[in-house]
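Content type mmCIF, C-alpha atoms and all ligand atoms, from the file final-v8.cif:
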```cif
data_work
loop_
_atom_site.label_atom_id
_atom_site.label_comp_id
_atom_site.auth_asym_id
_atom_site.auth_seq_id
_atom_site.Cartn_x
_atom_site.Cartn_y
_atom_site.Cartn_z
CA MET X 1 -26.87 228.05 -182.69
CA ILE X 2 -25.60 226.49 -179.47
CA PRO X 3 -22.13 224.96 -179.90
CA GLY X 4 -21.85 221.16 -180.06
CA ALA X 5 -19.99 218.95 -177.58
CA ARG X 6 -18.31 215.57 -177.28
CA LEU X 7 -19.64 213.90 -174.16
CA VAL X 8 -19.73 210.54 -172.38
CA LEU X 9 -22.35 209.73 -169.77
CA LEU X 10 -21.43 207.04 -167.24
CA GLY X 11 -23.76 205.66 -164.59
CA ARG X 12 -25.23 202.43 -163.32
CA GLN X 13 -28.07 200.65 -165.07
CA GLY X 14 -31.19 202.58 -164.09
CA ALA X 15 -29.30 205.79 -163.26
CA GLY X 16 -31.32 207.54 -165.97
CA LYS X 17 -28.66 207.76 -168.68
CA GLY X 18 -31.08 206.99 -171.50
CA THR X 19 -33.65 209.60 -170.46
CA GLN X 20 -31.03 212.29 -169.80
CA CYS X 21 -29.12 211.59 -173.01
CA VAL X 22 -32.26 212.20 -175.08
CA ARG X 23 -32.69 215.57 -173.34
CA LEU X 24 -29.02 216.56 -173.68
CA SER X 25 -29.03 215.52 -177.30
CA ARG X 26 -31.90 217.97 -177.95
CA HIS X 27 -30.35 220.73 -175.84
CA TYR X 28 -26.93 220.64 -177.52
CA VAL X 29 -28.24 219.42 -180.92
CA ILE X 30 -25.91 216.43 -180.96
CA PRO X 31 -26.66 212.78 -181.77
CA HIS X 32 -27.36 210.42 -178.88
CA ILE X 33 -25.30 207.29 -179.45
CA SER X 34 -26.49 204.42 -177.28
CA THR X 35 -24.61 201.18 -177.87
CA GLY X 36 -27.43 199.29 -176.11
CA ASP X 37 -29.98 200.76 -178.56
CA MET X 38 -27.69 200.00 -181.50
CA LEU X 39 -27.36 196.38 -180.36
CA ARG X 40 -31.12 196.07 -179.76
CA SER X 41 -31.84 197.33 -183.26
CA ALA X 42 -29.40 194.76 -184.70
CA VAL X 43 -31.28 192.11 -182.70
CA LYS X 44 -34.58 193.33 -184.13
CA GLU X 45 -33.26 193.26 -187.68
CA GLY X 46 -32.25 189.66 -187.05
CA THR X 47 -28.76 190.03 -188.56
CA GLU X 48 -26.21 187.33 -187.73
CA PHE X 49 -24.44 189.84 -185.51
CA GLY X 50 -27.78 190.67 -183.85
CA LEU X 51 -28.48 187.03 -183.04
CA LYS X 52 -25.09 186.62 -181.38
CA ALA X 53 -25.50 189.88 -179.49
CA LYS X 54 -28.95 188.83 -178.25
CA GLU X 55 -27.61 185.75 -176.47
CA ILE X 56 -24.94 187.81 -174.74
CA MET X 57 -27.34 190.61 -173.79
CA ASP X 58 -30.07 188.32 -172.46
CA ARG X 59 -27.50 186.75 -170.14
CA GLY X 60 -26.54 190.22 -168.91
CA GLU X 61 -22.98 189.84 -170.21
CA LEU X 62 -20.83 192.20 -172.30
CA VAL X 63 -20.19 192.11 -176.04
CA SER X 64 -16.41 192.05 -176.66
CA ASP X 65 -14.39 195.28 -176.58
CA GLU X 66 -13.12 194.61 -180.08
CA ILE X 67 -16.60 194.38 -181.59
CA MET X 68 -17.94 197.37 -179.65
CA GLY X 69 -14.88 199.45 -180.57
CA GLY X 70 -15.57 198.71 -184.26
CA VAL X 71 -19.25 199.64 -183.94
CA VAL X 72 -18.48 202.97 -182.23
CA ASP X 73 -15.56 203.81 -184.51
CA GLU X 74 -17.83 203.44 -187.53
CA ARG X 75 -20.59 205.55 -185.95
CA LEU X 76 -18.20 208.35 -184.96
CA ARG X 77 -16.95 208.63 -188.54
CA SER X 78 -20.32 209.88 -189.82
CA ASP X 79 -20.83 213.56 -190.71
CA ASP X 80 -23.26 214.42 -187.90
CA THR X 81 -20.92 213.37 -185.09
CA HIS X 82 -17.91 214.74 -186.90
CA ASN X 83 -19.41 218.23 -187.17
CA ARG X 84 -21.48 218.65 -184.00
CA GLY X 85 -20.11 216.06 -181.58
CA TYR X 86 -22.17 213.44 -179.74
CA ILE X 87 -23.28 212.05 -176.43
CA LEU X 88 -22.16 208.48 -175.82
CA ASP X 89 -24.39 206.29 -173.65
CA GLY X 90 -23.24 202.78 -172.68
CA PHE X 91 -19.75 203.14 -174.16
CA PRO X 92 -17.05 202.94 -172.91
CA ARG X 93 -17.93 200.26 -170.38
CA THR X 94 -14.45 198.85 -169.71
CA VAL X 95 -10.96 200.35 -169.49
CA GLY X 96 -10.18 198.51 -172.75
CA GLN X 97 -13.05 200.37 -174.43
CA ALA X 98 -11.87 203.69 -172.96
CA GLU X 99 -8.46 203.07 -174.52
CA LEU X 100 -10.08 202.28 -177.87
CA LEU X 101 -12.15 205.47 -177.58
CA ALA X 102 -9.02 207.52 -176.87
CA GLU X 103 -7.55 206.20 -180.13
CA ILE X 104 -10.75 206.79 -182.09
CA THR X 105 -11.00 210.38 -180.80
CA GLN X 106 -7.32 211.30 -180.82
CA HIS X 107 -7.83 214.20 -183.25
CA LYS X 108 -11.05 215.41 -181.61
CA PRO X 109 -10.82 214.52 -177.92
CA LEU X 110 -13.73 214.33 -175.48
CA ASP X 111 -14.88 217.53 -173.74
CA LEU X 112 -16.31 215.91 -170.63
CA VAL X 113 -17.21 212.57 -169.03
CA ILE X 114 -20.07 212.73 -166.56
CA ASP X 115 -20.75 210.16 -163.86
CA LEU X 116 -24.47 210.21 -163.11
CA VAL X 117 -24.57 209.04 -159.50
CA VAL X 118 -27.56 207.08 -158.14
CA PRO X 119 -27.38 204.61 -155.19
CA VAL X 120 -27.92 200.88 -155.83
CA ASP X 121 -31.17 200.59 -153.86
CA VAL X 122 -32.76 203.30 -156.00
CA VAL X 123 -31.66 201.80 -159.32
CA LEU X 124 -33.00 198.38 -158.29
CA GLU X 125 -36.44 199.91 -157.79
CA ARG X 126 -36.27 201.86 -161.04
CA LEU X 127 -35.18 198.84 -163.11
CA ALA X 128 -37.96 196.61 -161.77
CA ALA X 129 -40.48 199.27 -162.85
CA ARG X 130 -38.81 200.13 -166.21
CA ARG X 131 -40.69 199.62 -169.49
CA VAL X 132 -39.35 200.58 -172.91
CA CYS X 133 -40.67 201.16 -176.45
CA THR X 134 -39.51 198.38 -178.77
CA ASP X 135 -39.41 200.80 -181.72
CA CYS X 136 -37.92 204.10 -180.54
CA ALA X 137 -36.47 203.06 -177.13
CA THR X 138 -38.37 205.75 -175.17
CA ASN X 139 -38.36 204.85 -171.48
CA TYR X 140 -41.51 204.52 -169.35
CA SER X 141 -42.23 202.94 -165.99
CA VAL X 142 -45.20 201.33 -164.29
CA ASP X 143 -45.61 204.63 -162.40
CA ASN X 144 -45.25 206.71 -165.56
CA PRO X 145 -46.89 204.65 -168.34
CA PRO X 146 -47.81 205.81 -171.86
CA ARG X 147 -51.17 207.62 -172.16
CA TYR X 148 -53.04 204.76 -173.92
CA GLY X 149 -52.39 201.19 -172.85
CA TRP X 150 -48.81 200.08 -173.49
CA VAL X 151 -48.56 202.00 -176.77
CA CYS X 152 -45.67 204.50 -177.11
CA ASP X 153 -46.74 208.19 -176.95
CA ASN X 154 -43.86 209.04 -179.20
CA CYS X 155 -44.17 206.55 -182.08
CA GLY X 156 -47.07 204.14 -181.45
CA GLY X 157 -44.68 201.22 -180.85
CA GLU X 158 -45.23 198.49 -178.30
CA VAL X 159 -43.99 199.27 -174.77
CA VAL X 160 -42.62 196.22 -172.89
CA GLN X 161 -40.25 195.11 -170.17
CA ARG X 162 -36.75 194.52 -171.58
CA ALA X 163 -35.69 190.85 -171.89
CA ASP X 164 -32.63 191.64 -169.75
CA ASP X 165 -34.57 193.41 -166.99
CA THR X 166 -35.08 190.14 -165.07
CA PRO X 167 -33.78 190.13 -161.47
CA GLU X 168 -30.91 187.74 -162.35
CA ALA X 169 -29.72 189.68 -165.40
CA ILE X 170 -30.06 193.00 -163.53
CA GLN X 171 -27.88 191.73 -160.67
CA LYS X 172 -25.30 190.45 -163.13
CA ARG X 173 -25.18 193.77 -164.99
CA LEU X 174 -24.82 195.73 -161.76
CA ASP X 175 -21.97 193.44 -160.62
CA LEU X 176 -20.28 193.81 -164.01
CA TYR X 177 -20.70 197.58 -163.75
CA GLU X 178 -18.87 197.65 -160.41
CA ARG X 179 -16.10 195.45 -161.72
CA GLU X 180 -15.60 196.69 -165.30
CA THR X 181 -17.01 200.23 -165.48
CA THR X 182 -16.28 201.78 -162.05
CA PRO X 183 -12.52 201.82 -162.84
CA LEU X 184 -13.35 204.29 -165.64
CA ILE X 185 -14.15 206.90 -163.01
CA ALA X 186 -10.54 206.92 -161.83
CA TYR X 187 -9.33 206.65 -165.44
CA TYR X 188 -11.15 209.85 -166.47
CA GLN X 189 -10.46 211.62 -163.18
CA GLU X 190 -6.73 211.18 -163.75
CA ARG X 191 -7.14 212.73 -167.18
CA GLY X 192 -9.03 215.74 -165.79
CA LEU X 193 -12.17 214.87 -167.77
CA LEU X 194 -14.60 213.77 -165.06
CA ALA X 195 -17.55 215.56 -163.46
CA GLU X 196 -19.90 213.90 -160.97
CA VAL X 197 -23.59 214.79 -161.08
CA ASP X 198 -26.26 213.72 -158.60
CA GLY X 199 -28.90 211.66 -160.44
CA LEU X 200 -31.58 211.80 -157.71
CA GLY X 201 -34.69 213.97 -158.00
CA SER X 202 -36.94 214.85 -160.92
CA ALA X 203 -35.75 214.35 -164.49
CA ASP X 204 -35.89 218.14 -165.00
CA ASP X 205 -33.70 218.80 -161.96
CA VAL X 206 -31.14 216.26 -163.14
CA THR X 207 -31.09 217.75 -166.66
CA ALA X 208 -30.48 221.22 -165.19
CA ARG X 209 -27.53 219.88 -163.16
CA LEU X 210 -26.06 218.15 -166.21
CA VAL X 211 -26.35 221.28 -168.37
CA ASP X 212 -24.67 223.31 -165.60
CA ALA X 213 -21.76 220.85 -165.43
CA ILE X 214 -21.30 220.84 -169.21
CA ASP X 215 -21.57 224.62 -169.59
CA GLU X 216 -19.19 225.19 -166.72
CA ARG X 217 -16.61 222.93 -168.33
CA ARG X 218 -17.07 224.81 -171.58
CA ARG X 219 -16.56 228.19 -169.89
CA ARG X 220 -13.41 227.00 -168.18
CA SER X 221 -11.86 225.51 -171.30
CA GLY X 222 -12.97 228.50 -173.38
CA ALA X 223 -14.10 226.06 -176.07
CA SER X 224 -16.84 227.38 -178.31
CA SER X 225 -17.06 224.62 -180.87
CA PRO X 226 -16.00 220.98 -180.98
CA SER X 227 -14.03 221.35 -184.20
P1 LIG R 301 -27.92 198.64 -169.33
O1 LIG R 301 -27.06 199.84 -169.08
O2 LIG R 301 -29.22 198.68 -168.61
O3 LIG R 301 -27.21 197.34 -169.14
P2 LIG R 301 -27.75 199.06 -172.22
O4 LIG R 301 -28.93 199.30 -173.05
O5 LIG R 301 -26.71 200.11 -172.14
O6 LIG R 301 -28.37 198.69 -170.81
O7 LIG R 301 -27.02 197.72 -172.71
C1 LIG R 301 -27.70 196.50 -172.82
C2 LIG R 301 -26.72 195.36 -173.10
O8 LIG R 301 -26.03 195.59 -174.34
C3 LIG R 301 -25.59 195.21 -172.08
O9 LIG R 301 -25.99 194.47 -170.95
C4 LIG R 301 -24.52 194.51 -172.92
O10 LIG R 301 -24.79 193.13 -173.08
C5 LIG R 301 -24.67 195.16 -174.27
N1 LIG R 301 -23.80 196.36 -174.39
C6 LIG R 301 -24.19 197.65 -174.56
N2 LIG R 301 -23.14 198.48 -174.64
C7 LIG R 301 -22.04 197.68 -174.53
C8 LIG R 301 -20.64 197.93 -174.52
N3 LIG R 301 -20.14 199.17 -174.61
N4 LIG R 301 -19.81 196.88 -174.37
C9 LIG R 301 -20.26 195.64 -174.26
N5 LIG R 301 -21.56 195.32 -174.25
C10 LIG R 301 -22.45 196.33 -174.38
ZN ZN R 302 -41.73 204.55 -179.40
#
```
What's the structure tokens form of this structure?
Amino acid sequence: MIPGARLVLLGRQGAGKGTQCVRLSRHYVIPHISTGDMLRSAVKEGTEFGLKAKEIMDRGELVSDEIMGGVVDERLRSDDTHNRGYILDGFPRTVGQAELLAEITQHKPLDLVIDLVVPVDVVLERLAARRVCTDCATNYSVDNPPRYGWVCDNCGGEVVQRADDTPEAIQKRLDLYERETTPLIAYYQERGLLAEVDGLGSADDVTARLVDAIDERRRRSGASSPS
């Protein structure tokens, strides 16, 4: 069995984090933890927390560090992540969250943080075309739709445009990314944890580059298991 890993994937909205995380999660047999998906499922369940989160998300703003830290802390305590590791998608998003994550993972530190690099003009095009399954969060686009109508190939769920993929909310999220999340690149570089990977090209090419970066890090650190 391939050894697990503890990974973070950074990258702008539309860089392809969601798609690549699903692939990496299968390759390394580790859970894909997307804070955006976790929040969207709370919204769908209509919990009080979900209703509050929905307002924030639809405006393209960020849920507080304190709340997100609690959500991730709880998730990382479960057996699957404890034993195999995980790939985090959408967290940390601020230096405050990175500090919380360092505390949460102090006994089992991260193996690698990857910045998936895609230029702004490309992500703008991708986001305008993005469609997503409301049940399982599989990504599609107007150029790569499901086989039958807007029904998910994977689970039969309804495939729609996300409520926060409007031009205004997209611009706001990209601005917030530059301001709040870009500083994480320096933060992880200083700690020797960062690798940059080019996110342009086919999804298969990008996956191959990501696997190379992760396996190379593993070879260098001589780590064979995350425990
Ligand atoms: P995107 O990367 O396209 O913005 P996500 O699915 O990662 O999409 O997140 C959607 C929304 O959920 C964000 O705009 C934000 O409101 C909220 N969110 C997700 N993760 C976090 C986080 N770590 N901290 C604060 N808010 C978050
Ligand atoms: Zn689906």
Contact check, range 39-63 of chain X to range 138-162 of chain X, at most 12 Å, counting all atoms listed in the file, closest pairs as a tab-separated table:
```
residue	atom	partner	partner_atom	distance
X:Arg40	CA	X:Arg162	CA	10.1
X:Lys54	CA	X:Arg162	CA	11.7
X:Met57	CA	X:Arg162	CA	10.4
X:Asp58	CA	X:Arg162	CA	9.2
X:Gly60	CA	X:Arg162	CA	11.4
```
### Task
Would you kindly return, as a ChimeraX atom specification, each protein, DNA or RNA residue with an atom no farther than 10 Å from any atom of Arg126 in chain X, considering all atoms listed in the file and excluding same-chain residues fewer than 2 positions away?
/X:13-16,120-124,128-131,141-143
### Task
Can you tell me which residues come within 7 Å of ligand LIG 301 (chain R) when counting only C-alpha atoms and all ligand atoms, ideally as an MDAnalysis selection string?
chainID X and resid 12:14 34:37 39 56:57 60:65 68 89:93 173
### Task
Would you mind reading off the distance between CA of Val72 in chain X and CA of Lys108 in chain X, one decimal, in Å?
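For CA of Val72 in chain X relative to CA of Lys108 in chain X, the distance reads 14.5 Å.
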### Task
Give the answer as one residue: which of X:Asp135, X:Asp165, X:Glu196, X:Glu180 has the shortest atom-to-atom distance to ligand ZN 302 (chain R), using only C-alpha atoms and all ligand atoms?
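Of all the options, X:Asp135 lies closest to ligand ZN 302 (chain R).
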### Message
From the options X:Arg84, X:Leu100, X:Thr166, X:Gly11, which residue's atoms come nearest to Glu178 in chain X, counting all atoms listed in the file?
### Response
X:Gly11
Hey, what's within 12 Å of Ala186 in chain X if we count only C-alpha atoms and toss same-chain stuff fewer than 5 positions away? As a PDB file with C-alpha atoms, in the frame of the given file, please?
```
ATOM      1  CA  THR X  94     -14.450 198.850-169.710  1.00  0.00           C
ATOM      2  CA  VAL X  95     -10.960 200.350-169.490  1.00  0.00           C
ATOM      3  CA  ALA X  98     -11.870 203.690-172.960  1.00  0.00           C
ATOM      4  CA  VAL X 113     -17.210 212.570-169.030  1.00  0.00           C
ATOM      5  CA  ASP X 115     -20.750 210.160-163.860  1.00  0.00           C
ATOM      6  CA  GLU X 180     -15.600 196.690-165.300  1.00  0.00           C
ATOM      7  CA  THR X 181     -17.010 200.230-165.480  1.00  0.00           C
ATOM      8  CA  ARG X 191      -7.140 212.730-167.180  1.00  0.00           C
ATOM      9  CA  GLY X 192      -9.030 215.740-165.790  1.00  0.00           C
ATOM     10  CA  LEU X 193     -12.170 214.870-167.770  1.00  0.00           C
ATOM     11  CA  LEU X 194     -14.600 213.770-165.060  1.00  0.00           C
ATOM     12  CA  ALA X 195     -17.550 215.560-163.460  1.00  0.00           C
ATOM     13  CA  GLU X 196     -19.900 213.900-160.970  1.00  0.00           C
TER      14      GLU X 196
END
```
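Counting all atoms listed in the file, the residue from X:Pro119, X:Gly85, X:Gly70, X:Gly46 that sits nearest to Ile2 in chain X is X:Gly85.
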#### Entry: Long-range neighbours of range 216-220 of chain X as a PyMOL selection string, 10 Å cut-off, only C-alpha atoms, 4 positions minimum in chain
chain X and resi 3+5+111-112+193-195+210-212+224-225
### Query
Hey, can you check how far CA of Glu103 in chain X sits from CA of Ala137 in chain X?
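Interatomic distance, CA of Glu103 in chain X to CA of Ala137 in chain X: 29.2 Å.
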### Query
Restricting the calculation to all atoms listed in the file, which member of X:Ser78, X:Asp164, X:Cys133, X:Ala213 is positioned closest to ligand ZN 302 (chain R)?
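Using all atoms listed in the file, ligand ZN 302 (chain R) sits closest to X:Cys133.
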May I have the centre and edge lengths, in Å to one decimal, of an axis-aligned box around the listed atoms of range 17-29 of chain X with 8 Å added to every side, as AutoDock Vina command-line options?
```
--center_x -30.3 --center_y 213.9 --center_z -174.8 --size_x 22.7 --size_y 29.7 --size_z 28.2
```
### Selected residue, from X:Leu184, X:Leu9, X:Cys136, X:Ile114, that lies nearest to Met38 in chain X when counting only C-alpha atoms
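The closest residue to Met38 in chain X is X:Cys136.
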### Query
Counting only C-alpha atoms, which of X:Ala53, X:Leu76, X:Ile87, X:Val8 gets nearest to Val29 in chain X?
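Using only C-alpha atoms, Val29 in chain X sits closest to X:Ile87.
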### Task
List the neighbours of Gln20 in chain X out to 10 Å using all atoms listed in the file; skip same-chain residues closer than 3 positions along the sequence, and give me the result as a PyMOL selection string.
chain X and resi 9+15-17+23-26+32+89+116+199+203-204+206-207+210
### Query
By how many Å are CA of Glu190 in chain X and CA of Asp175 in chain X apart?
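Separation between CA of Glu190 in chain X and CA of Asp175 in chain X: 23.6 Å.
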### Message
List as a ChimeraX atom specification the protein and nucleic acid residues near Leu200 in chain X, meaning an atom at most 8 Å away when all atoms listed in the file are counted, but skip any in the same chain fewer than 2 places from it.
### Response
/X:117-118,198,202,206
